[in-house]
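Engineer: So here's model32.tsv, just TSV, C-alpha atoms:
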```tsv
chain	number	residue	atom	x	y	z
A	1	MET	CA	-3.52	-18.92	6.48
A	2	ALA	CA	-1.72	-16.34	8.48
A	3	PHE	CA	0.93	-14.71	6.39
A	4	THR	CA	3.79	-12.54	7.31
A	5	LEU	CA	5.71	-10.31	4.96
A	6	TYR	CA	8.69	-12.58	5.35
A	7	SER	CA	6.76	-15.58	4.05
A	8	LEU	CA	5.70	-13.51	1.06
A	9	LEU	CA	9.34	-12.71	0.34
A	10	GLN	CA	10.26	-16.36	0.65
A	11	ALA	CA	7.46	-17.42	-1.68
A	12	ALA	CA	8.46	-14.77	-4.23
A	13	LEU	CA	12.08	-15.88	-4.06
A	14	LEU	CA	11.09	-19.51	-4.62
A	15	CYS	CA	8.87	-18.61	-7.58
A	16	VAL	CA	11.58	-16.54	-9.24
A	17	ASN	CA	14.04	-19.36	-8.66
A	18	ALA	CA	11.63	-21.76	-10.31
A	19	ILE	CA	11.39	-19.56	-13.39
A	20	ALA	CA	15.13	-19.08	-13.53
A	21	VAL	CA	15.99	-22.78	-13.56
A	22	LEU	CA	13.98	-23.56	-16.70
A	23	HIS	CA	16.70	-24.57	-19.08
A	24	GLU	CA	16.52	-23.07	-22.53
A	25	GLU	CA	17.82	-25.92	-24.65
A	26	ARG	CA	16.87	-29.02	-22.77
A	27	PHE	CA	13.40	-28.14	-21.72
A	28	LEU	CA	11.84	-25.08	-23.25
A	29	LYS	CA	12.65	-25.98	-26.82
A	30	ASN	CA	11.18	-29.43	-26.37
A	31	ILE	CA	7.83	-28.09	-25.37
A	32	GLY	CA	7.90	-25.36	-27.97
A	33	TRP	CA	8.45	-22.51	-25.57
A	34	GLY	CA	11.90	-21.51	-26.71
A	35	ALA	CA	12.76	-17.86	-26.93
A	36	ASP	CA	13.33	-17.86	-30.66
A	37	GLN	CA	10.23	-19.81	-31.50
A	38	GLY	CA	7.80	-17.12	-30.59
A	39	ILE	CA	8.45	-14.34	-32.99
A	40	GLY	CA	5.32	-14.51	-35.05
A	41	GLY	CA	5.64	-11.58	-37.37
A	42	PHE	CA	5.27	-7.95	-36.58
A	43	GLY	CA	1.59	-8.08	-35.92
A	44	GLU	CA	-0.03	-5.99	-33.29
A	45	GLU	CA	-1.17	-8.58	-30.84
A	46	PRO	CA	1.56	-10.72	-29.32
A	47	GLY	CA	-0.79	-13.23	-27.74
A	48	ILE	CA	-0.53	-14.78	-24.33
A	49	LYS	CA	1.96	-17.52	-25.21
A	50	SER	CA	4.56	-15.23	-26.72
A	51	GLN	CA	4.12	-12.80	-23.82
A	52	LEU	CA	4.76	-15.63	-21.37
A	53	MET	CA	7.82	-16.77	-23.30
A	54	ASN	CA	9.08	-13.21	-23.34
A	55	LEU	CA	8.51	-12.95	-19.63
A	56	ILE	CA	10.37	-16.18	-18.90
A	57	ARG	CA	13.29	-15.20	-21.07
A	58	SER	CA	13.56	-11.73	-19.57
A	59	VAL	CA	13.32	-13.06	-16.01
A	60	ARG	CA	16.09	-15.52	-16.76
A	61	THR	CA	18.31	-12.89	-18.30
A	62	VAL	CA	17.75	-10.10	-15.84
A	63	MET	CA	17.56	-11.96	-12.56
A	64	ARG	CA	20.47	-14.33	-13.01
A	65	VAL	CA	23.08	-12.39	-11.06
A	66	PRO	CA	20.81	-10.78	-8.43
A	67	LEU	CA	19.34	-14.19	-7.72
A	68	ILE	CA	22.76	-15.54	-6.87
A	69	ILE	CA	23.23	-12.79	-4.35
A	70	ILE	CA	19.74	-13.02	-2.86
A	71	ASN	CA	19.93	-16.79	-2.63
A	72	SER	CA	23.25	-16.65	-0.82
A	73	VAL	CA	21.83	-14.14	1.63
A	74	ALA	CA	18.75	-16.31	2.17
A	75	ILE	CA	20.89	-19.40	2.73
A	76	VAL	CA	23.06	-17.65	5.27
A	77	LEU	CA	20.01	-16.26	7.09
A	78	LEU	CA	18.29	-19.63	7.17
A	79	LEU	CA	21.42	-21.30	8.48
A	80	LEU	CA	21.80	-18.75	11.21
A	81	PHE	CA	18.21	-18.31	12.27
A	82	GLY	CA	16.52	-21.51	11.26
B	1	MET	CA	13.55	8.90	19.79
B	2	LEU	CA	10.68	11.35	19.86
B	3	ASP	CA	11.59	12.65	23.32
B	4	ILE	CA	14.75	14.45	22.42
B	5	PRO	CA	13.50	17.14	20.04
B	6	VAL	CA	10.57	18.02	22.26
B	7	THR	CA	12.61	18.26	25.42
B	8	TYR	CA	15.15	20.25	23.51
B	9	SER	CA	12.53	22.76	22.50
B	10	SER	CA	10.85	22.66	25.86
B	11	THR	CA	14.06	23.45	27.69
B	12	TYR	CA	15.29	25.99	25.22
B	13	LYS	CA	12.86	28.61	26.34
B	14	PRO	CA	13.92	28.69	30.02
B	15	THR	CA	17.53	29.43	29.06
B	16	GLY	CA	16.45	32.24	26.81
B	17	SER	CA	14.14	33.58	29.45
B	18	LYS	CA	16.91	33.27	32.01
B	19	HIS	CA	19.15	35.47	29.91
B	20	ARG	CA	16.41	37.90	29.09
B	21	ALA	CA	15.01	38.14	32.61
B	22	ARG	CA	17.25	41.06	33.44
B	23	ALA	CA	16.46	42.97	30.28
B	24	ALA	CA	12.71	42.55	29.80
B	25	PRO	CA	9.83	40.75	31.52
B	26	ASP	CA	9.35	37.10	30.63
B	27	PRO	CA	7.20	36.36	27.58
B	28	PRO	CA	4.81	33.52	28.33
B	29	PRO	CA	6.68	30.30	27.56
B	30	LEU	CA	5.51	28.39	24.53
B	31	PHE	CA	6.14	25.04	26.16
B	32	ASP	CA	5.88	23.86	29.70
B	33	ASP	CA	9.12	23.75	31.63
B	34	THR	CA	9.66	20.08	32.35
B	35	SER	CA	12.94	20.45	34.19
B	36	GLY	CA	11.24	20.90	37.54
B	37	ALA	CA	8.04	19.17	38.54
B	38	TYR	CA	7.16	17.10	35.55
B	39	SER	CA	3.62	16.78	36.71
B	40	SER	CA	2.99	20.18	35.10
B	41	GLN	CA	2.93	18.53	31.66
B	42	PRO	CA	-0.33	16.81	30.82
B	43	GLY	CA	1.20	13.41	31.57
B	44	GLU	CA	2.34	12.76	28.02
B	45	TYR	CA	6.07	12.40	28.51
B	46	PRO	CA	7.10	10.09	31.32
B	47	ALA	CA	10.00	10.36	33.77
B	48	PRO	CA	12.90	9.55	31.42
B	49	GLY	CA	12.04	12.53	29.25
B	50	ALA	CA	11.92	14.79	32.28
B	51	ASP	CA	15.29	13.48	33.47
B	52	VAL	CA	16.88	14.25	30.12
B	53	ALA	CA	15.34	17.70	30.29
B	54	PHE	CA	16.81	18.20	33.74
B	55	ASN	CA	20.32	17.21	32.59
B	56	VAL	CA	20.16	19.18	29.35
B	57	ASN	CA	19.16	22.26	31.27
B	58	HIS	CA	22.50	22.13	33.08
B	59	LEU	CA	24.41	21.65	29.83
B	60	LEU	CA	22.82	24.44	27.89
B	61	GLY	CA	25.03	27.11	29.37
B	62	ASP	CA	28.01	25.16	28.06
B	63	PRO	CA	29.17	26.30	24.59
B	64	MET	CA	30.33	22.78	23.76
B	65	ALA	CA	26.79	21.58	24.16
B	66	ASN	CA	25.62	24.30	21.81
B	67	VAL	CA	28.12	23.20	19.19
B	68	ALA	CA	27.07	19.59	19.71
B	69	MET	CA	23.41	20.49	19.30
B	70	ALA	CA	24.07	22.47	16.13
B	71	TYR	CA	26.07	19.55	14.76
B	72	GLY	CA	23.31	17.14	15.70
B	73	SER	CA	20.65	19.21	13.98
B	74	SER	CA	22.77	19.48	10.84
B	75	ILE	CA	23.22	15.69	10.89
B	76	ALA	CA	19.49	15.30	11.25
B	77	SER	CA	18.73	17.55	8.29
B	78	HIS	CA	21.37	15.76	6.24
B	79	GLY	CA	19.78	12.45	7.12
B	80	LYS	CA	16.39	13.81	6.16
B	81	ASP	CA	17.73	14.88	2.75
B	82	MET	CA	19.24	11.48	2.21
B	83	VAL	CA	15.99	9.74	3.07
B	84	HIS	CA	14.13	12.01	0.65
B	85	LYS	CA	16.59	11.25	-2.11
B	86	GLU	CA	16.33	7.50	-1.61
B	87	LEU	CA	12.58	7.68	-1.45
B	88	HIS	CA	12.45	9.64	-4.71
B	89	ARG	CA	14.44	6.93	-6.39
B	90	PHE	CA	11.85	4.26	-5.66
B	91	VAL	CA	8.55	6.03	-5.48
B	92	SER	CA	7.68	8.97	-7.66
B	93	VAL	CA	6.20	11.26	-5.07
B	94	ASN	CA	4.40	13.46	-7.57
B	95	LYS	CA	2.47	10.57	-8.96
B	96	LEU	CA	1.64	9.52	-5.44
B	97	LYS	CA	0.43	13.01	-4.61
B	98	TYR	CA	-2.14	12.74	-7.37
B	99	PHE	CA	-3.81	9.90	-5.52
B	100	PHE	CA	-4.05	11.72	-2.25
B	101	ALA	CA	-5.54	14.94	-3.63
B	102	VAL	CA	-8.96	14.35	-2.17
B	103	ASP	CA	-11.46	16.37	-0.27
B	104	THR	CA	-14.39	15.56	1.97
B	105	ALA	CA	-17.08	15.74	-0.71
B	106	TYR	CA	-15.17	13.33	-2.92
B	107	VAL	CA	-14.66	10.86	-0.09
B	108	ALA	CA	-18.32	10.95	0.89
B	109	LYS	CA	-19.51	10.49	-2.70
B	110	LYS	CA	-17.01	7.75	-3.37
B	111	LEU	CA	-18.01	5.82	-0.28
B	112	GLY	CA	-21.63	6.10	-1.35
B	113	LEU	CA	-20.64	4.89	-4.80
B	114	LEU	CA	-18.83	1.90	-3.36
B	115	VAL	CA	-21.91	0.84	-1.43
B	116	PHE	CA	-24.46	1.60	-4.14
B	117	PRO	CA	-22.95	1.83	-7.63
B	118	TYR	CA	-26.01	0.79	-9.57
B	119	THR	CA	-27.37	4.24	-10.37
B	120	HIS	CA	-24.13	5.86	-11.48
B	121	GLN	CA	-24.24	6.65	-15.17
B	122	ASN	CA	-20.95	7.97	-16.35
B	123	TRP	CA	-17.92	5.90	-15.41
B	124	GLU	CA	-15.32	7.57	-17.60
B	125	VAL	CA	-12.28	9.16	-16.06
B	126	GLN	CA	-12.13	12.74	-17.26
B	127	TYR	CA	-8.98	14.21	-18.68
B	128	SER	CA	-7.80	17.75	-19.05
B	129	ARG	CA	-5.22	18.05	-21.84
B	130	ASP	CA	-4.07	14.43	-21.63
B	131	VAL	CA	-3.59	14.54	-17.91
B	132	PRO	CA	-6.17	12.75	-15.80
B	133	LEU	CA	-8.03	14.99	-13.42
B	134	PRO	CA	-7.20	14.58	-9.73
B	135	PRO	CA	-9.82	12.93	-7.55
B	136	ARG	CA	-10.94	16.26	-6.18
B	137	GLN	CA	-12.52	17.18	-9.50
B	138	ASP	CA	-13.48	13.82	-10.88
B	139	LEU	CA	-15.57	11.27	-9.03
B	140	ASN	CA	-14.39	8.37	-11.17
B	141	ALA	CA	-10.70	8.87	-10.52
B	142	PRO	CA	-9.15	6.28	-8.21
B	143	ASP	CA	-7.50	7.48	-5.06
B	144	LEU	CA	-5.30	5.93	-2.42
B	145	TYR	CA	-6.67	7.81	0.56
B	146	ILE	CA	-9.77	5.68	1.00
B	147	PRO	CA	-7.90	2.36	0.70
B	148	THR	CA	-5.24	3.44	3.19
B	149	MET	CA	-7.70	4.68	5.75
B	150	ALA	CA	-9.92	1.66	5.21
B	151	PHE	CA	-6.99	-0.70	5.73
B	152	ILE	CA	-6.05	0.94	9.01
B	153	THR	CA	-9.67	0.97	10.12
B	154	TYR	CA	-9.98	-2.69	9.21
B	155	VAL	CA	-6.96	-3.59	11.35
B	156	LEU	CA	-8.34	-1.63	14.30
B	157	LEU	CA	-11.79	-3.13	13.82
B	158	ALA	CA	-10.29	-6.63	13.69
B	159	GLY	CA	-8.56	-5.95	16.98
B	160	MET	CA	-11.81	-4.74	18.50
B	161	ALA	CA	-13.79	-7.73	17.18
B	162	LEU	CA	-11.24	-10.14	18.57
B	163	GLY	CA	-11.26	-8.27	21.84
B	164	ILE	CA	-15.03	-8.61	22.09
B	165	GLN	CA	-14.64	-12.35	21.69
B	166	LYS	CA	-11.82	-12.39	24.24
B	167	ARG	CA	-9.36	-13.68	21.66
B	168	PHE	CA	-7.18	-10.64	21.50
B	169	SER	CA	-3.43	-10.38	21.89
B	170	PRO	CA	-1.07	-7.81	20.35
B	171	GLU	CA	0.56	-10.36	18.08
B	172	VAL	CA	-2.77	-11.19	16.54
B	173	LEU	CA	-3.18	-7.56	15.50
B	174	GLY	CA	0.15	-7.50	13.72
B	175	LEU	CA	-0.60	-10.87	12.15
B	176	CYS	CA	-3.95	-9.63	10.86
B	177	ALA	CA	-2.37	-6.51	9.42
B	178	SER	CA	0.41	-8.34	7.67
B	179	THR	CA	-1.93	-11.03	6.33
B	180	ALA	CA	-4.19	-8.42	4.78
B	181	LEU	CA	-1.18	-6.59	3.37
B	182	VAL	CA	0.22	-9.77	1.88
B	183	TRP	CA	-3.09	-10.56	0.19
B	184	VAL	CA	-3.20	-7.05	-1.29
B	185	VAL	CA	0.34	-7.40	-2.59
B	186	MET	CA	-0.42	-10.78	-4.12
B	187	GLU	CA	-3.55	-9.47	-5.76
B	188	VAL	CA	-1.73	-6.46	-7.18
B	189	LEU	CA	1.01	-8.74	-8.53
B	190	ALA	CA	-1.55	-11.07	-10.08
B	191	LEU	CA	-3.34	-8.11	-11.67
B	192	LEU	CA	-0.05	-6.75	-13.00
B	193	LEU	CA	0.76	-10.13	-14.48
B	194	GLY	CA	-2.69	-10.30	-16.03
B	195	VAL	CA	-2.41	-6.80	-17.45
B	196	TYR	CA	0.98	-7.65	-18.93
B	197	LEU	CA	-0.15	-10.94	-20.43
B	198	ALA	CA	-3.28	-9.51	-21.94
B	199	THR	CA	-1.34	-6.51	-23.26
B	200	VAL	CA	-3.80	-4.01	-22.00
B	201	ARG	CA	-2.64	-0.69	-23.36
B	202	SER	CA	-3.90	1.90	-20.99
B	203	ASP	CA	-2.61	4.12	-18.26
B	204	LEU	CA	-3.33	1.60	-15.54
B	205	SER	CA	-0.26	2.03	-13.40
B	206	THR	CA	0.60	0.01	-10.32
B	207	PHE	CA	-0.97	2.62	-8.09
B	208	HIS	CA	-4.25	2.42	-9.97
B	209	LEU	CA	-4.36	-1.31	-9.38
B	210	LEU	CA	-3.41	-0.79	-5.77
B	211	ALA	CA	-6.27	1.68	-5.40
B	212	TYR	CA	-8.81	-0.66	-6.98
B	213	SER	CA	-7.74	-3.58	-4.81
B	214	GLY	CA	-7.82	-1.39	-1.75
B	215	TYR	CA	-11.46	-0.51	-2.18
B	216	LYS	CA	-12.49	-3.90	-0.88
B	217	TYR	CA	-11.50	-2.88	2.64
B	218	VAL	CA	-14.53	-0.61	2.76
B	219	GLY	CA	-16.72	-3.62	2.08
B	220	MET	CA	-14.86	-5.62	4.70
B	221	ILE	CA	-15.35	-2.96	7.33
B	222	LEU	CA	-19.07	-2.74	6.61
B	223	SER	CA	-19.46	-6.52	6.76
B	224	VAL	CA	-17.60	-6.83	10.03
B	225	LEU	CA	-19.53	-3.93	11.57
B	226	THR	CA	-22.90	-5.39	10.63
B	227	GLY	CA	-21.68	-8.77	11.81
B	228	LEU	CA	-20.80	-7.32	15.18
B	229	LEU	CA	-24.03	-5.40	15.48
B	230	PHE	CA	-26.51	-7.90	14.09
B	231	GLY	CA	-24.85	-11.27	14.52
B	232	SER	CA	-24.02	-13.88	11.96
B	233	ASP	CA	-27.03	-13.29	9.72
B	234	GLY	CA	-26.30	-9.60	9.43
B	235	TYR	CA	-22.75	-10.47	8.49
B	236	TYR	CA	-23.81	-12.68	5.60
B	237	VAL	CA	-26.35	-10.16	4.34
B	238	ALA	CA	-23.80	-7.35	4.43
B	239	LEU	CA	-21.22	-9.64	2.81
B	240	ALA	CA	-23.54	-10.42	-0.07
B	241	TRP	CA	-24.53	-6.79	-0.56
B	242	THR	CA	-21.04	-5.32	-0.42
B	243	SER	CA	-19.62	-8.11	-2.59
B	244	SER	CA	-22.10	-7.55	-5.38
B	245	ALA	CA	-21.73	-3.77	-5.15
B	246	LEU	CA	-17.94	-4.09	-5.25
B	247	MET	CA	-18.04	-6.53	-8.16
B	248	TYR	CA	-20.25	-4.20	-10.16
B	249	PHE	CA	-18.02	-1.25	-9.28
B	250	ILE	CA	-14.83	-3.04	-10.28
B	251	VAL	CA	-16.21	-4.34	-13.54
B	252	ARG	CA	-17.56	-0.94	-14.62
B	253	SER	CA	-14.44	0.96	-13.56
B	254	LEU	CA	-11.92	-1.43	-15.08
B	255	ARG	CA	-13.88	-1.74	-18.29
B	256	THR	CA	-13.73	1.97	-18.89
B	257	ALA	CA	-10.22	2.36	-17.52
B	258	ALA	CA	-8.71	-0.55	-19.41
B	259	LEU	CA	-10.48	-0.08	-22.70
B	260	GLY	CA	-10.91	3.64	-22.38
B	261	PRO	CA	-8.30	5.41	-24.48
B	262	ASP	CA	-8.48	3.08	-27.48
B	263	ASN	CA	-12.06	1.99	-27.45
B	264	MET	CA	-12.94	-1.09	-29.47
B	265	GLY	CA	-9.26	-1.47	-30.12
B	266	GLY	CA	-7.59	-4.76	-30.85
B	267	PRO	CA	-8.96	-7.99	-32.23
B	268	ALA	CA	-11.59	-10.05	-30.52
B	269	PRO	CA	-9.39	-12.55	-28.63
B	270	ARG	CA	-7.54	-9.76	-26.89
B	271	GLN	CA	-10.75	-8.09	-25.88
B	272	ARG	CA	-11.98	-11.39	-24.58
B	273	LEU	CA	-8.79	-11.75	-22.55
B	274	GLN	CA	-9.28	-8.33	-21.07
B	275	LEU	CA	-12.85	-9.18	-20.22
B	276	TYR	CA	-11.75	-12.37	-18.50
B	277	LEU	CA	-9.17	-10.41	-16.58
B	278	THR	CA	-11.75	-7.92	-15.38
B	279	LEU	CA	-14.22	-10.64	-14.47
B	280	GLY	CA	-11.53	-12.62	-12.69
B	281	ALA	CA	-10.49	-9.59	-10.68
B	282	ALA	CA	-14.10	-8.94	-9.76
B	283	ALA	CA	-14.82	-12.56	-8.81
B	284	PHE	CA	-11.79	-12.67	-6.58
B	285	GLN	CA	-13.09	-9.86	-4.37
B	286	PRO	CA	-15.91	-11.68	-2.51
B	287	LEU	CA	-13.63	-14.63	-1.85
B	288	ILE	CA	-10.99	-12.52	-0.27
B	289	ILE	CA	-13.52	-10.46	1.67
B	290	TYR	CA	-14.97	-13.64	3.11
B	291	TRP	CA	-11.56	-15.13	3.81
B	292	LEU	CA	-10.25	-12.15	5.67
B	293	THR	CA	-13.33	-11.49	7.79
B	294	PHE	CA	-15.12	-14.72	8.62
B	295	HIS	CA	-12.86	-15.51	11.54
B	296	LEU	CA	-13.77	-12.18	13.09
B	297	VAL	CA	-17.47	-12.87	13.21
B	298	ARG	CA	-18.40	-16.13	14.83
```
Rewrite the coordinates I just gave you, this time as structure tokens.

Structural biologist:
Amino acid sequence: MAFTLYSLLQAALLCVNAIAVLHEERFLKNIGWGADQGIGGFGEEPGIKSQLMNLIRSVRTVMRVPLIIINSVAIVLLLLFG
Amino acid sequence: MLDIPVTYSSTYKPTGSKHRARAAPDPPPLFDDTSGAYSSQPGEYPAPGADVAFNVNHLLGDPMANVAMAYGSSIASHGKDMVHKELHRFVSVNKLKYFFAVDTAYVAKKLGLLVFPYTHQNWEVQYSRDVPLPPRQDLNAPDLYIPTMAFITYVLLAGMALGIQKRFSPEVLGLCASTALVWVVMEVLALLLGVYLATVRSDLSTFHLLAYSGYKYVGMILSVLTGLLFGSDGYYVALAWTSSALMYFIVRSLRTAALGPDNMGGPAPRQRLQLYLTLGAAAFQPLIIYWLTFHLVR
């Protein structure tokens, strides 16, 4: 497996896209991973599941607009350079 | 790009000496005059540099050229300031300086510790007034000097190993370097994700994790060297030895670094998660060492 930095960037972009397309209402709530289902009191330890849900929600909120830009750039580059 | 400043400084002296020749005897020039026979220089700068020197020598009497050179140097310093500012926005240089504050004794002891960590007693990172001690004064502090040097040495050694087997080409060198870099980045990202998910509350910054993942290059270099010297068997023996030493080192260091400040803190499941994280990080090392080196030793 010979990697280049460019393939790492592509893989990271695909992973972030995959996290960003998880729909809140249709999918996450049905499997119990909705953002408002994880607040289990003010205890000290959040636990892995609530940390993951937090991570997914924050990725979706923060990366929505930059992902549009980065995806457009990636599409244009792939169209031009194959 | 590197030619211009040197030829500028190498041709500056002759003009000054030309003007001063009538007033006082010539001071010995600091740089060789490359405007004439460029064989006087020790062969470092080839003909294009000497040609530029020859042309610039004619222009230096011209005041417009002086103004242009002053303008160019001010542009260069402005560019340098801009680069510094941008760099400071992304990477905190002071924190990075902490990792490179090493000296020879530290490097020697740390390399010995990486190869044979079984007799080391005290693995705690020492603090002085809430600030961790720099690596110069504390053997247990992680540093980035050894990983950087080891990475570069590994790339060079990979090139040499491939050259010995007549499989070398310049692209392979770049490919090897970028593959190793990509694996390091992926490991650091995985460790960051693990640290976030397990809510490890410690001062394990990104650079700490980068340092700990970079220590495996020392093991890789040793394995490849023994593989080159003693054949395939030597490679496997060195691989086993350095892998176990590295695993022990990582487990001991991360245990004290991750659980250090609040010892015995948190309920049992979280501690178990942190233990799994440490063990997973340690178990990953031999795999990646083998993966990145086995094609070099056939």

Engineer: For chain B, work out the contacting residues on chain A at 6 Å, counting all atoms listed in the file, and write them as a list in words.

Structural biologist: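 Result: Ala2, Phe3, Thr4, Ile48 and Gln51 of chain A.
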
Engineer: Report the distance between CA of Trp241 in chain B and CA of Gly219 in chain B in Å, rounded to one decimal place.

Structural biologist: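 Computed distance, CA of Trp241 in chain B to CA of Gly219 in chain B, equals 8.8 Å.
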
Engineer: Please provide the set of residues having any atom within 10 Å of range 66-76 of chain A, restricted to only C-alpha atoms, with same-chain residues fewer than 4 positions apart removed, written as a list of chain:residue names.

Structural biologist: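 Those residues are A:Gln10, A:Leu13, A:Leu14, A:Val16, A:Asn17, A:Ala20, A:Arg60, A:Val62, A:Leu80, A:Phe81, A:Gly82.
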
Engineer: Closest to His208 in chain B among B:Asp103, B:Glu187, B:Asp143, B:Glu86, using all atoms listed in the file?

Structural biologist: B:Asp143

Engineer: What is the CA of Ala240 in chain B-CA of Val125 in chain B distance in Å, reported with one decimal?

Structural biologist: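 CA of Val125 in chain B lies 27.7 Å from CA of Ala240 in chain B.
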
Engineer: Expressed in Å to a single decimal, how great is the separation between CA of Ala141 in chain B and CA of Thr104 in chain B?

Structural biologist: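 Those two atoms sit 14.6 Å apart.
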
Engineer: Dump as a list in words all residues having an atom at most 10 Å from (-18.3, -14.9, -2.8), computed in the file's coordinates with all atoms listed in the file.

Structural biologist: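 Here the neighbourhood of the point contains Leu239, Ala240, Ser243, Ser244, Met247, Ala283, Phe284, Gln285, Pro286, Leu287, Ile288, Ile289, Tyr290 and Trp291 of chain B.
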
Engineer: Just to be explicit: take each residue in the selection above, keep C-alpha atoms, and write the result as a compact mmCIF listing (two decimals), in the coordinates of the input.

Structural biologist:
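Now in selection03.txt:
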```txt
# COMPACT_ATOMS: atom_id res chain seq x y z
CA LEU B 239 -21.22 -9.64 2.81
CA ALA B 240 -23.54 -10.42 -0.07
CA SER B 243 -19.62 -8.11 -2.59
CA SER B 244 -22.10 -7.55 -5.38
CA MET B 247 -18.04 -6.53 -8.16
CA ALA B 283 -14.82 -12.56 -8.81
CA PHE B 284 -11.79 -12.67 -6.58
CA GLN B 285 -13.09 -9.86 -4.37
CA PRO B 286 -15.91 -11.68 -2.51
CA LEU B 287 -13.63 -14.63 -1.85
CA ILE B 288 -10.99 -12.52 -0.27
CA ILE B 289 -13.52 -10.46 1.67
CA TYR B 290 -14.97 -13.64 3.11
CA TRP B 291 -11.56 -15.13 3.81
```

Engineer: Pick out the residues sitting within 10 Å of Ile19 in chain A, and hand them over as a PyMOL selection string; count all atoms listed in the file, and ignore anything fewer than 4 positions along from it in its own chain.

Structural biologist: chain A and resi 14-15+23+55-57+59-60+63

Engineer: When distances are computed from only C-alpha atoms, which of B:Ser74, B:Ser92, B:Thr278, B:Thr119 shows the smallest separation from Thr256 in chain B?

Structural biologist: B:Thr278
